[in-house]
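Colleague: I have a structure here, written as structure tokens, and I will follow up with some questions on it.
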Amino acid sequence: MSQATPVAKQVLVLGASSEAARAVKELLALGYKVLWVSGDELPSNGLDSPALAKYANCRLYALEGHVGRFVSHFLHQGQRLALSTSAIIVATGNERYFPAERYGLELSSLVWTTSQVKEQLKKPLPQSVLAFRDKRILLLLDWSGETSKELVSESFSLAGELCERCRSEVYFFYRDLTVDSPGWEQRTRELRDKGVVFCRYGEPEVTVGEAAVSISYLEGTVEGDLLVLPEAVRPRGDTAELAEILQVRLGEDGYFQELNIRKYRAGLSARKGIFFAGRCHMDCDASEAESDALQVVAAVDALLGQGALEPEEVIAYVDPSKCIRCLTCVRTCPHAAVQVVEYEDMDVVAARVDELACWGCGACASNCPVQAIEMVGQEMPAWVQGV
Amino acid sequence: MREHPSVIVVGGGIAGLTAALNLAERGAHVTLVERDSVLGGNARTVCCKAIAGECQLCGGCLLGERLELIVSSPVELLLETSVARVERDNGGFLVYLEGAEKSSPLRAQAVILATGFDHVDAHTKGPYGYGILPSVTTGEEMERKIKEEGQGAYDALGLHKVAFIQCVGSRDEHVGRGYCSQVCCRYALRLARLLKARQPELEITIFKMDIQNSGRDFQKTWQAAQEEGIRIVAGLPAVIRRSSEEPRRATFVYDDILAGQIVQEDFDLVVLSVGMQPRRDAEQVAELFGINQDRYGFFAVGDDLISTIVPGVFVAGTCQAPRSMAEAAAHAQQAAEACYRYLQELAL
Ligand SMILES: Cc1cc2nc3c(=O)[nH]c(=O)nc-3n(C[C@H](O)[C@H](O)[C@H](O)COP(=O)(O)OP(=O)(O)OC[C@H]3O[C@@H](n4cnc5c(N)ncnc54)[C@H](O)[C@@H]3O)c2cc1C
Ligand code: SF4
Ligand code: SF4
Ligand code: SF4
Ligand code: SF4
């Protein structure tokens with residue numbers, strides 16, 4: 001039992017986000033074989049290597065096996081596709097939307113989202129710049145009471161770009177300024193130096209007129225040429241379905257949830273061998289998401305890098321002759337390590353713990369109604385040796 | 001990769017432990033140098049803020065498992081040891097130690113600095129009367145007291161009104177700390193909820209500039225705190241004095257910005273939410289390894305927030321910038337990744 005099981009250095013990366021791309025790149029650099037799969041198009045960012053296989057527009061419909069030997073089943077261009085990997089990195093990102101209801105405002109020629117401004121700035125000169133040249137722009141943050149670091153970060157960048165490239169006069173309205181990421185306080189200071197005016201509001205009052213917008217707040221009223229509202233992020237629509245297929249947990253907020261706090265390692269799901277990277281499990285901006293991908297790759301390589309896996313020191317064992325197949329353990333295992341299978345050599349159907357997937361938490365053993373599960377250490381009990 | 005590249009990790013806090021474990025699991029020979037007689041660093045005084053057994057996800061117990069893992073790992077631990085001198089050696093480093101059981105210098109291809117932070121000294125914020133007024137304490141002291149005496153540490157003190165004052169010694173360019181300490185909003189809100197849950201009659205007010213209410217876990221805490229009746233005021237006092245009516249209490253005047261009022265109020269306990277500052281000896285450590293410090297004194301890094309100007313020297317955790325424990329661990333794991341890739345390239 002304590003013998004190491006050889007595993008392939010082969011990893012599935014799910015998602016088309018920039019953190020997924022970063023994970024792929026890092027894994028390739030470490031000499032892994034990478035299968036990069038997404039439900040959407042994949043970015044064409046020059047990531048090509050004989051060790052990389054890419055599948056765009058693929059839908060995962062089932063997952064079998066455990067750490068070291070997962071088999072993921074996809075639908076790809078009407079075909080079924082089964083991919084074997086030792087670990088899975090989920091980096092599906094989040095979803096953007098414009099929370100029109102929460103804002104109570106319609107988009108118009110005077111009311112833009114941050115993304116619309118970004119798109120405009122990407123257009124060729126001079127249209128890109130002329131749209132904002134010398135205008136007074138009111139950027140209104142936090143209105144909904146929900147802060148997403150990704151949008152705050154983008155709003156900071158946008159305010160800077162508008163000042164520098166377009167000589168816009170930017171007013172940055174906020175309730176609580178988000179600065180709890182390394183370097184962000186410094187960013188706000190640099191924006192002030194560039195001329196951005198920061199205004200704290202209590203309950204702002206927004207008026208959209210014919211040719212101008214205005215915001216009344218604590219210290220008076222500011223009129224401007226354009227109101228810019230950040231969009232919001234939410235879990236992708238397919239997150240819950242994906243969680244069910246992968247048998248990993250979702251948080252109350254609908255994002256992927258990590259392993260419990262006592263065994264917390266950033267990015268580690270409740271299931272051994274399945275990791276979350278970036279915006280599908282944390283509130284962060286794009287560059288933080290990419291850094292997160294790096295640390296997840298470090299965790300994957302710590303797991304697989306030696307080419308072999310070993311079980312935890314203590315794991316659960318089911319005595320198949322005692323098991324009455326009540327499925328209690330299958331349901332109670334927080335780590336999806338138990339299944340009911342056929343023991344061919346004994347000709348019985350009973351629960352079985354995957355020795356590599358088991359964390360040894362003991363939840364199954366304490367809930368089995370017929371005491372068929374025992375927690376075992378390095379020494380195997382006599383009845384296991386017979387199996 | 002070379003058979004067993006050697007790495008030295010300086011500092012055995014949450015960051016150093018995480019980086020050392022990751023590299024050791026990947027086959028590097030890791031020596032962890034810790035100047036204290038125990039591992040764990042500042043995380044050792046972070047208390048559990050669970051309310052009646054319900055976890056508040058403060059991160060306080062992240063340390064336990066890492067300590068268990070490190071003692072059963074192949075990482076070589078050198079306690080009560082610090083770095084005395086560093087020489088370049090054939091592309092790597094020759095590190096002379098002080099106080100070590102080992103007398104000969106260690107050879108390593110790479111170094112990870114994880115020397116952590118010092119608590120901001122609340123005495124430096126003179127007008128707040130810390131050290132003079134008996135009713136003025138700090139978040140650090142409160143964490144420590146609860147850790148040592150248990151969650152009931154403040155139950156029998158006859159408190160009626162408690163104030164938390166945010167950003168003490170942080171976000172203040174005038175004192176050379178124009179950065180946010182990242183953790184003090186989170187620990188203050190959680191400590192406030194813990195106190196309130198044990199003593200529902202307690203009136204708690206948090207005085208803030210901006211609450212850092214981002215993050216998945218924290219938004220819940222923030223909402224819960226407000227629902228439980230913890231009052232949040234936008235505005236910080238300038239001076240804290242002894243109350244003239246009741247000398248054991250403290251009093252101060254504040255400008256409630258959102259309400260547009262100037263108010264004077266007395267409190268039984270004022271908790272200064274102090275943050276982090278660079279280690280007082282960060283300059284010497286930077287000099288030993290030939291790296292730079294940023295304008296505040298933390299170790300200076302490139303855009304990846306990990307690499308220094310010296311190839312092979314990486315930084316992890318709060319010695320680079322303030323972070324929570326989970327964030328320090330994540331940062332350390334990124335540092336381990338960068339370090340591993342560096343070793344890989346060296347070997348080619
Ligand atoms: C008041 C307060 C409350 C907090 N509460 C929380 C909380 O509730 N939750 C949370 O997640 N975080 C909290 N934190 C933050 C938490 O303390 C840090 O995130 C964490 O301790 C950082 O770990 P580190 O490894 O980066 O640094 P440290 O913990 O400082 O570890 C550094 C280690 O390096 C050693 N060292 C230093 N210099 C040298 C040298 N020259 N040679 C050898 N060894 C050296 C030190 O002895 C120490 O062991 C709080 C912080 C404060 C200030
Ligand atoms: S001990 Fe039981 S419940 Fe816990 S991980 Fe193993 S199989 Fe699952
Ligand atoms: S709980 Fe016990 S009896 Fe029920 S399926 Fe699991 S091992 Fe069998
Ligand atoms: S995360 Fe914090 S509150 Fe939760 S159990 Fe750990 S120390 Fe206690
Ligand atoms: S975390 Fe909160 S209290 Fe601490 S410095 Fe930042 S804003 Fe101020």
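Letters for chains follow the order of the structure tokens (A, B, ...), residue numbers begin at 1 for each chain, and ligand numbers begin at 1 in the order shown.
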Counting only C-alpha atoms, which residues from chain A have an atom at most 9 Å from any atom of chain B, and could you show them as a PyMOL selection string?

Modeller: chain A and resi 29-30+146-149+175-186+189+201-203+218+253+255+261-267+281-284+291-299+301-306

Colleague: Could you list the protein, DNA and RNA residues that have any atom within 10 Å of ligand 3, counting only C-alpha atoms and all ligand atoms, and write them as a PyMOL selection string?

Modeller: chain A and resi 316-333+338-340+349-353+363-374

Colleague: Write the residues of the selection above to a file with N, CA and C atoms, as an mmCIF file, in the first residue's frame.

Modeller:
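Result went into part.cif, see below:
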```cif
data_model
loop_
_atom_site.group_PDB
_atom_site.id
_atom_site.type_symbol
_atom_site.label_atom_id
_atom_site.label_comp_id
_atom_site.auth_asym_id
_atom_site.auth_seq_id
_atom_site.Cartn_x
_atom_site.Cartn_y
_atom_site.Cartn_z
ATOM 1 N N ALA A 316 -8.669 5.388 4.601
ATOM 2 C CA ALA A 316 -9.802 4.524 4.922
ATOM 3 C C ALA A 316 -9.788 3.270 4.047
ATOM 4 N N TYR A 317 -10.197 2.131 4.644
ATOM 5 C CA TYR A 317 -10.359 0.895 3.882
ATOM 6 C C TYR A 317 -11.732 0.292 4.155
ATOM 7 N N VAL A 318 -12.401 -0.147 3.102
ATOM 8 C CA VAL A 318 -13.709 -0.776 3.256
ATOM 9 C C VAL A 318 -13.527 -2.292 3.236
ATOM 10 N N ASP A 319 -14.163 -2.943 4.188
ATOM 11 C CA ASP A 319 -14.200 -4.406 4.146
ATOM 12 C C ASP A 319 -15.383 -4.790 3.261
ATOM 13 N N PRO A 320 -15.095 -5.253 2.049
ATOM 14 C CA PRO A 320 -16.200 -5.464 1.093
ATOM 15 C C PRO A 320 -17.191 -6.524 1.566
ATOM 16 N N SER A 321 -16.748 -7.434 2.438
ATOM 17 C CA SER A 321 -17.676 -8.475 2.865
ATOM 18 C C SER A 321 -18.685 -7.956 3.896
ATOM 19 N N LYS A 322 -18.360 -6.844 4.542
ATOM 20 C CA LYS A 322 -19.287 -6.267 5.525
ATOM 21 C C LYS A 322 -20.223 -5.229 4.908
ATOM 22 N N CYS A 323 -19.784 -4.616 3.820
ATOM 23 C CA CYS A 323 -20.505 -3.470 3.244
ATOM 24 C C CYS A 323 -21.887 -3.880 2.748
ATOM 25 N N ILE A 324 -22.890 -3.042 3.118
ATOM 26 C CA ILE A 324 -24.257 -3.311 2.659
ATOM 27 C C ILE A 324 -24.694 -2.344 1.554
ATOM 28 N N ARG A 325 -23.739 -1.628 0.980
ATOM 29 C CA ARG A 325 -23.980 -0.733 -0.156
ATOM 30 C C ARG A 325 -25.050 0.322 0.128
ATOM 31 N N CYS A 326 -24.976 0.935 1.299
ATOM 32 C CA CYS A 326 -25.983 1.947 1.640
ATOM 33 C C CYS A 326 -25.628 3.307 1.046
ATOM 34 N N LEU A 327 -24.409 3.449 0.564
ATOM 35 C CA LEU A 327 -23.930 4.684 -0.087
ATOM 36 C C LEU A 327 -23.667 5.853 0.881
ATOM 37 N N THR A 328 -23.784 5.576 2.184
ATOM 38 C CA THR A 328 -23.532 6.657 3.147
ATOM 39 C C THR A 328 -22.130 7.234 2.957
ATOM 40 N N CYS A 329 -21.160 6.371 2.803
ATOM 41 C CA CYS A 329 -19.780 6.852 2.699
ATOM 42 C C CYS A 329 -19.558 7.620 1.400
ATOM 43 N N VAL A 330 -20.222 7.168 0.341
ATOM 44 C CA VAL A 330 -20.079 7.860 -0.942
ATOM 45 C C VAL A 330 -20.570 9.292 -0.785
ATOM 46 N N ARG A 331 -21.687 9.432 -0.055
ATOM 47 C CA ARG A 331 -22.258 10.770 0.145
ATOM 48 C C ARG A 331 -21.471 11.595 1.147
ATOM 49 N N THR A 332 -20.941 10.971 2.180
ATOM 50 C CA THR A 332 -20.299 11.777 3.230
ATOM 51 C C THR A 332 -18.847 12.118 2.932
ATOM 52 N N CYS A 333 -18.216 11.404 2.053
ATOM 53 C CA CYS A 333 -16.801 11.715 1.808
ATOM 54 C C CYS A 333 -16.693 13.120 1.212
ATOM 55 N N VAL A 338 -14.700 7.890 -2.542
ATOM 56 C CA VAL A 338 -15.334 6.564 -2.427
ATOM 57 C C VAL A 338 -16.321 6.339 -3.560
ATOM 58 N N GLN A 339 -16.331 5.115 -4.043
ATOM 59 C CA GLN A 339 -17.295 4.711 -5.070
ATOM 60 C C GLN A 339 -17.734 3.298 -4.765
ATOM 61 N N VAL A 340 -18.903 2.932 -5.291
ATOM 62 C CA VAL A 340 -19.309 1.531 -5.186
ATOM 63 C C VAL A 340 -18.871 0.838 -6.471
ATOM 64 N N VAL A 349 -20.178 -6.659 -4.867
ATOM 65 C CA VAL A 349 -20.265 -5.232 -5.178
ATOM 66 C C VAL A 349 -20.257 -4.500 -3.841
ATOM 67 N N ALA A 350 -19.321 -3.567 -3.690
ATOM 68 C CA ALA A 350 -19.196 -2.887 -2.407
ATOM 69 C C ALA A 350 -18.484 -1.553 -2.600
ATOM 70 N N ALA A 351 -18.520 -0.741 -1.530
ATOM 71 C CA ALA A 351 -17.830 0.542 -1.578
ATOM 72 C C ALA A 351 -16.320 0.310 -1.623
ATOM 73 N N ARG A 352 -15.618 1.228 -2.267
ATOM 74 C CA ARG A 352 -14.170 1.121 -2.331
ATOM 75 C C ARG A 352 -13.566 2.519 -2.246
ATOM 76 N N VAL A 353 -12.564 2.653 -1.423
ATOM 77 C CA VAL A 353 -11.887 3.944 -1.264
ATOM 78 C C VAL A 353 -10.685 3.978 -2.193
ATOM 79 N N ALA A 363 -14.299 10.723 7.924
ATOM 80 C CA ALA A 363 -15.745 10.997 7.902
ATOM 81 C C ALA A 363 -16.538 9.744 7.510
ATOM 82 N N CYS A 364 -16.037 8.996 6.560
ATOM 83 C CA CYS A 364 -16.759 7.813 6.088
ATOM 84 C C CYS A 364 -16.834 6.756 7.188
ATOM 85 N N ALA A 365 -15.695 6.532 7.844
ATOM 86 C CA ALA A 365 -15.641 5.471 8.852
ATOM 87 C C ALA A 365 -16.598 5.741 10.001
ATOM 88 N N SER A 366 -16.702 7.009 10.403
ATOM 89 C CA SER A 366 -17.557 7.291 11.551
ATOM 90 C C SER A 366 -19.037 7.282 11.177
ATOM 91 N N ASN A 367 -19.348 7.256 9.905
ATOM 92 C CA ASN A 367 -20.753 7.267 9.505
ATOM 93 C C ASN A 367 -21.274 5.929 8.981
ATOM 94 N N CYS A 368 -20.391 4.984 8.737
ATOM 95 C CA CYS A 368 -20.831 3.704 8.189
ATOM 96 C C CYS A 368 -21.704 2.967 9.221
ATOM 97 N N PRO A 369 -22.926 2.601 8.847
ATOM 98 C CA PRO A 369 -23.845 1.993 9.820
ATOM 99 C C PRO A 369 -23.413 0.594 10.257
ATOM 100 N N VAL A 370 -22.584 -0.090 9.484
ATOM 101 C CA VAL A 370 -22.210 -1.457 9.866
ATOM 102 C C VAL A 370 -20.709 -1.588 10.174
ATOM 103 N N GLN A 371 -20.077 -0.445 10.418
ATOM 104 C CA GLN A 371 -18.643 -0.429 10.749
ATOM 105 C C GLN A 371 -17.801 -1.231 9.746
ATOM 106 N N ALA A 372 -18.086 -1.025 8.474
ATOM 107 C CA ALA A 372 -17.315 -1.735 7.449
ATOM 108 C C ALA A 372 -16.037 -0.995 7.082
ATOM 109 N N ILE A 373 -15.880 0.229 7.611
ATOM 110 C CA ILE A 373 -14.726 1.031 7.219
ATOM 111 C C ILE A 373 -13.785 1.209 8.401
ATOM 112 N N GLU A 374 -12.529 0.996 8.132
ATOM 113 C CA GLU A 374 -11.535 1.148 9.177
ATOM 114 C C GLU A 374 -10.477 2.130 8.688
#
```

Colleague: As a tab-separated table (two decimals) with all heavy atoms, in the first residue's frame, please: every residue in segment 26-144 of chain A that a backbone DSSP assignment puts in alpha helix (DSSP H).

Modeller:
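What landed in states.tsv:
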```tsv
chain	number	residue	atom	x	y	z
A	26	GLU	N	3.44	27.68	-18.30
A	26	GLU	CA	4.33	27.26	-17.21
A	26	GLU	C	4.49	25.74	-17.18
A	26	GLU	O	5.58	25.22	-16.99
A	26	GLU	CB	3.78	27.79	-15.88
A	26	GLU	CG	4.74	27.67	-14.71
A	26	GLU	CD	5.89	28.68	-14.78
A	26	GLU	OE1	5.87	29.57	-15.64
A	26	GLU	OE2	6.83	28.53	-13.98
A	27	LEU	N	3.40	25.03	-17.39
A	27	LEU	CA	3.47	23.57	-17.39
A	27	LEU	C	4.36	23.07	-18.52
A	27	LEU	O	5.17	22.15	-18.34
A	27	LEU	CB	2.06	22.98	-17.55
A	27	LEU	CG	1.16	23.02	-16.30
A	27	LEU	CD1	-0.29	22.75	-16.68
A	27	LEU	CD2	1.63	22.01	-15.25
A	28	LEU	N	4.22	23.69	-19.69
A	28	LEU	CA	5.05	23.29	-20.82
A	28	LEU	C	6.52	23.52	-20.49
A	28	LEU	O	7.37	22.67	-20.77
A	28	LEU	CB	4.66	24.07	-22.08
A	28	LEU	CG	3.29	23.73	-22.67
A	28	LEU	CD1	2.94	24.69	-23.81
A	28	LEU	CD2	3.23	22.28	-23.18
A	29	ALA	N	6.81	24.66	-19.85
A	29	ALA	CA	8.20	24.96	-19.49
A	29	ALA	C	8.76	23.93	-18.51
A	29	ALA	O	9.95	23.67	-18.50
A	29	ALA	CB	8.28	26.36	-18.90
A	100	ALA	N	-27.48	46.55	-14.90
A	100	ALA	CA	-28.34	47.70	-15.17
A	100	ALA	C	-29.35	47.92	-14.05
A	100	ALA	O	-29.60	49.05	-13.63
A	100	ALA	CB	-29.07	47.50	-16.49
A	101	GLU	N	-29.89	46.83	-13.53
A	101	GLU	CA	-30.91	46.99	-12.50
A	101	GLU	C	-30.36	47.60	-11.23
A	101	GLU	O	-30.97	48.46	-10.63
A	101	GLU	CB	-31.53	45.63	-12.16
A	101	GLU	CG	-32.79	45.36	-12.96
A	101	GLU	CD	-33.30	43.97	-12.75
A	101	GLU	OE1	-33.18	43.46	-11.62
A	101	GLU	OE2	-33.78	43.38	-13.73
A	102	ARG	N	-29.19	47.08	-10.83
A	102	ARG	CA	-28.60	47.60	-9.61
A	102	ARG	C	-28.26	49.08	-9.75
A	102	ARG	O	-28.42	49.85	-8.83
A	102	ARG	CB	-27.35	46.80	-9.25
A	102	ARG	CG	-27.65	45.50	-8.53
A	102	ARG	CD	-26.53	45.10	-7.58
A	102	ARG	NE	-25.20	45.23	-8.16
A	102	ARG	CZ	-24.44	44.20	-8.51
A	102	ARG	NH1	-24.88	42.98	-8.36
A	102	ARG	NH2	-23.25	44.40	-8.99
A	103	TYR	N	-27.77	49.44	-10.93
A	103	TYR	CA	-27.41	50.84	-11.14
A	103	TYR	C	-28.67	51.69	-11.33
A	103	TYR	O	-28.67	52.89	-11.05
A	103	TYR	CB	-26.53	50.99	-12.38
A	103	TYR	CG	-25.09	50.58	-12.19
A	103	TYR	CD1	-24.47	49.70	-13.07
A	103	TYR	CD2	-24.32	51.12	-11.16
A	103	TYR	CE1	-23.14	49.35	-12.92
A	103	TYR	CE2	-22.99	50.78	-11.01
A	103	TYR	CZ	-22.40	49.89	-11.89
A	103	TYR	OH	-21.08	49.54	-11.75
A	114	THR	N	-17.13	50.58	-18.48
A	114	THR	CA	-15.67	50.61	-18.57
A	114	THR	C	-15.19	49.84	-19.81
A	114	THR	O	-14.24	50.24	-20.46
A	114	THR	CB	-15.03	50.01	-17.30
A	114	THR	OG1	-15.83	48.92	-16.86
A	114	THR	CG2	-14.92	51.03	-16.21
A	115	SER	N	-15.86	48.74	-20.14
A	115	SER	CA	-15.44	47.96	-21.31
A	115	SER	C	-15.62	48.75	-22.60
A	115	SER	O	-14.80	48.66	-23.51
A	115	SER	CB	-16.24	46.66	-21.41
A	115	SER	OG	-15.87	45.81	-20.38
A	116	GLN	N	-16.73	49.51	-22.66
A	116	GLN	CA	-16.93	50.31	-23.87
A	116	GLN	C	-15.81	51.34	-24.03
A	116	GLN	O	-15.31	51.55	-25.13
A	116	GLN	CB	-18.28	51.03	-23.81
A	116	GLN	CG	-19.46	50.10	-24.07
A	116	GLN	CD	-20.80	50.83	-23.86
A	116	GLN	OE1	-21.01	51.48	-22.85
A	116	GLN	NE2	-21.68	50.71	-24.84
A	117	VAL	N	-15.40	51.93	-22.93
A	117	VAL	CA	-14.31	52.90	-22.99
A	117	VAL	C	-13.03	52.20	-23.44
A	117	VAL	O	-12.28	52.69	-24.29
A	117	VAL	CB	-14.11	53.60	-21.62
A	117	VAL	CG1	-12.93	54.54	-21.67
A	117	VAL	CG2	-15.38	54.31	-21.20
A	118	LYS	N	-12.79	51.00	-22.87
A	118	LYS	CA	-11.58	50.27	-23.24
A	118	LYS	C	-11.55	49.94	-24.73
A	118	LYS	O	-10.52	50.07	-25.39
A	118	LYS	CB	-11.50	48.96	-22.43
A	118	LYS	CG	-10.54	49.08	-21.27
A	118	LYS	CD	-10.58	47.93	-20.31
A	118	LYS	CE	-10.31	46.56	-20.89
A	118	LYS	NZ	-10.40	45.51	-19.85
A	119	GLU	N	-12.70	49.50	-25.24
A	119	GLU	CA	-12.80	49.16	-26.67
A	119	GLU	C	-12.49	50.39	-27.52
A	119	GLU	O	-11.76	50.32	-28.50
A	119	GLU	CB	-14.21	48.64	-27.00
A	119	GLU	CG	-14.45	47.21	-26.56
A	119	GLU	CD	-13.36	46.27	-27.04
A	119	GLU	OE1	-13.06	46.26	-28.26
A	119	GLU	OE2	-12.76	45.57	-26.19
A	120	GLN	N	-13.08	51.52	-27.12
A	120	GLN	CA	-12.88	52.75	-27.88
A	120	GLN	C	-11.40	53.13	-27.89
A	120	GLN	O	-10.85	53.53	-28.91
A	120	GLN	CB	-13.71	53.88	-27.26
A	120	GLN	CG	-13.64	55.21	-27.98
A	120	GLN	CD	-14.38	55.19	-29.31
A	120	GLN	OE1	-15.34	54.44	-29.49
A	120	GLN	NE2	-13.89	55.99	-30.26
A	121	LEU	N	-10.74	52.96	-26.75
A	121	LEU	CA	-9.32	53.33	-26.66
A	121	LEU	C	-8.43	52.42	-27.50
A	121	LEU	O	-7.30	52.76	-27.81
A	121	LEU	CB	-8.86	53.33	-25.20
A	121	LEU	CG	-9.32	54.51	-24.35
A	121	LEU	CD1	-9.05	54.27	-22.88
A	121	LEU	CD2	-8.64	55.81	-24.81
A	122	LYS	N	-8.96	51.24	-27.82
A	122	LYS	CA	-8.17	50.32	-28.64
A	122	LYS	C	-8.29	50.64	-30.12
A	122	LYS	O	-7.53	50.12	-30.94
A	122	LYS	CB	-8.65	48.88	-28.40
A	122	LYS	CG	-8.00	48.23	-27.20
A	122	LYS	CD	-8.30	46.74	-27.19
A	122	LYS	CE	-8.37	46.23	-25.76
A	122	LYS	NZ	-9.42	45.23	-25.58
A	127	GLN	N	-9.55	58.43	-33.68
A	127	GLN	CA	-10.88	58.23	-33.07
A	127	GLN	C	-10.76	57.82	-31.62
A	127	GLN	O	-11.54	58.27	-30.78
A	127	GLN	CB	-11.69	57.12	-33.79
A	127	GLN	CG	-12.16	57.46	-35.16
A	127	GLN	CD	-11.17	56.94	-36.17
A	127	GLN	OE1	-9.96	57.06	-35.98
A	127	GLN	NE2	-11.64	56.35	-37.24
A	128	SER	N	-9.83	56.93	-31.35
A	128	SER	CA	-9.70	56.40	-29.99
A	128	SER	C	-9.61	57.53	-28.98
A	128	SER	O	-10.35	57.58	-28.02
A	128	SER	CB	-8.47	55.50	-29.90
A	128	SER	OG	-7.34	56.20	-30.33
A	129	VAL	N	-8.73	58.46	-29.27
A	129	VAL	CA	-8.43	59.50	-28.30
A	129	VAL	C	-9.45	60.63	-28.36
A	129	VAL	O	-9.87	61.19	-27.34
A	129	VAL	CB	-7.00	60.03	-28.53
A	129	VAL	CG1	-6.79	61.36	-27.83
A	129	VAL	CG2	-5.99	59.00	-28.05
A	130	LEU	N	-9.91	60.94	-29.59
A	130	LEU	CA	-10.80	62.10	-29.74
A	130	LEU	C	-12.11	61.94	-28.98
A	130	LEU	O	-12.69	62.93	-28.55
A	130	LEU	CB	-11.09	62.34	-31.23
A	130	LEU	CG	-9.92	62.99	-31.99
A	130	LEU	CD1	-10.30	63.27	-33.43
A	130	LEU	CD2	-9.45	64.26	-31.29
```

Colleague: Can you tell me which residues surround Ser44 of chain A at a distance of at most 12 Å, considering only C-alpha atoms, apart from same-chain residues fewer than 5 positions away, and format the answer as a ChimeraX atom specification?

Modeller: /A:16-18,21,54,56

Colleague: What do you get as a PyMOL selection string if you pick all residues at most 7 Å from ligand 1, counting only C-alpha atoms and all ligand atoms?

Modeller: chain B and resi 10-16+33-36+39-43+46-47+58-60+81-83+114-119+139-140+143+183-184+186-187+273-276+285+316-319+323-326+328

Colleague: What's the separation between atom CA of Leu17 of chain B and atom CA of Glu312 of chain A, in Å to one decimal place?

Modeller: 20.0 Å
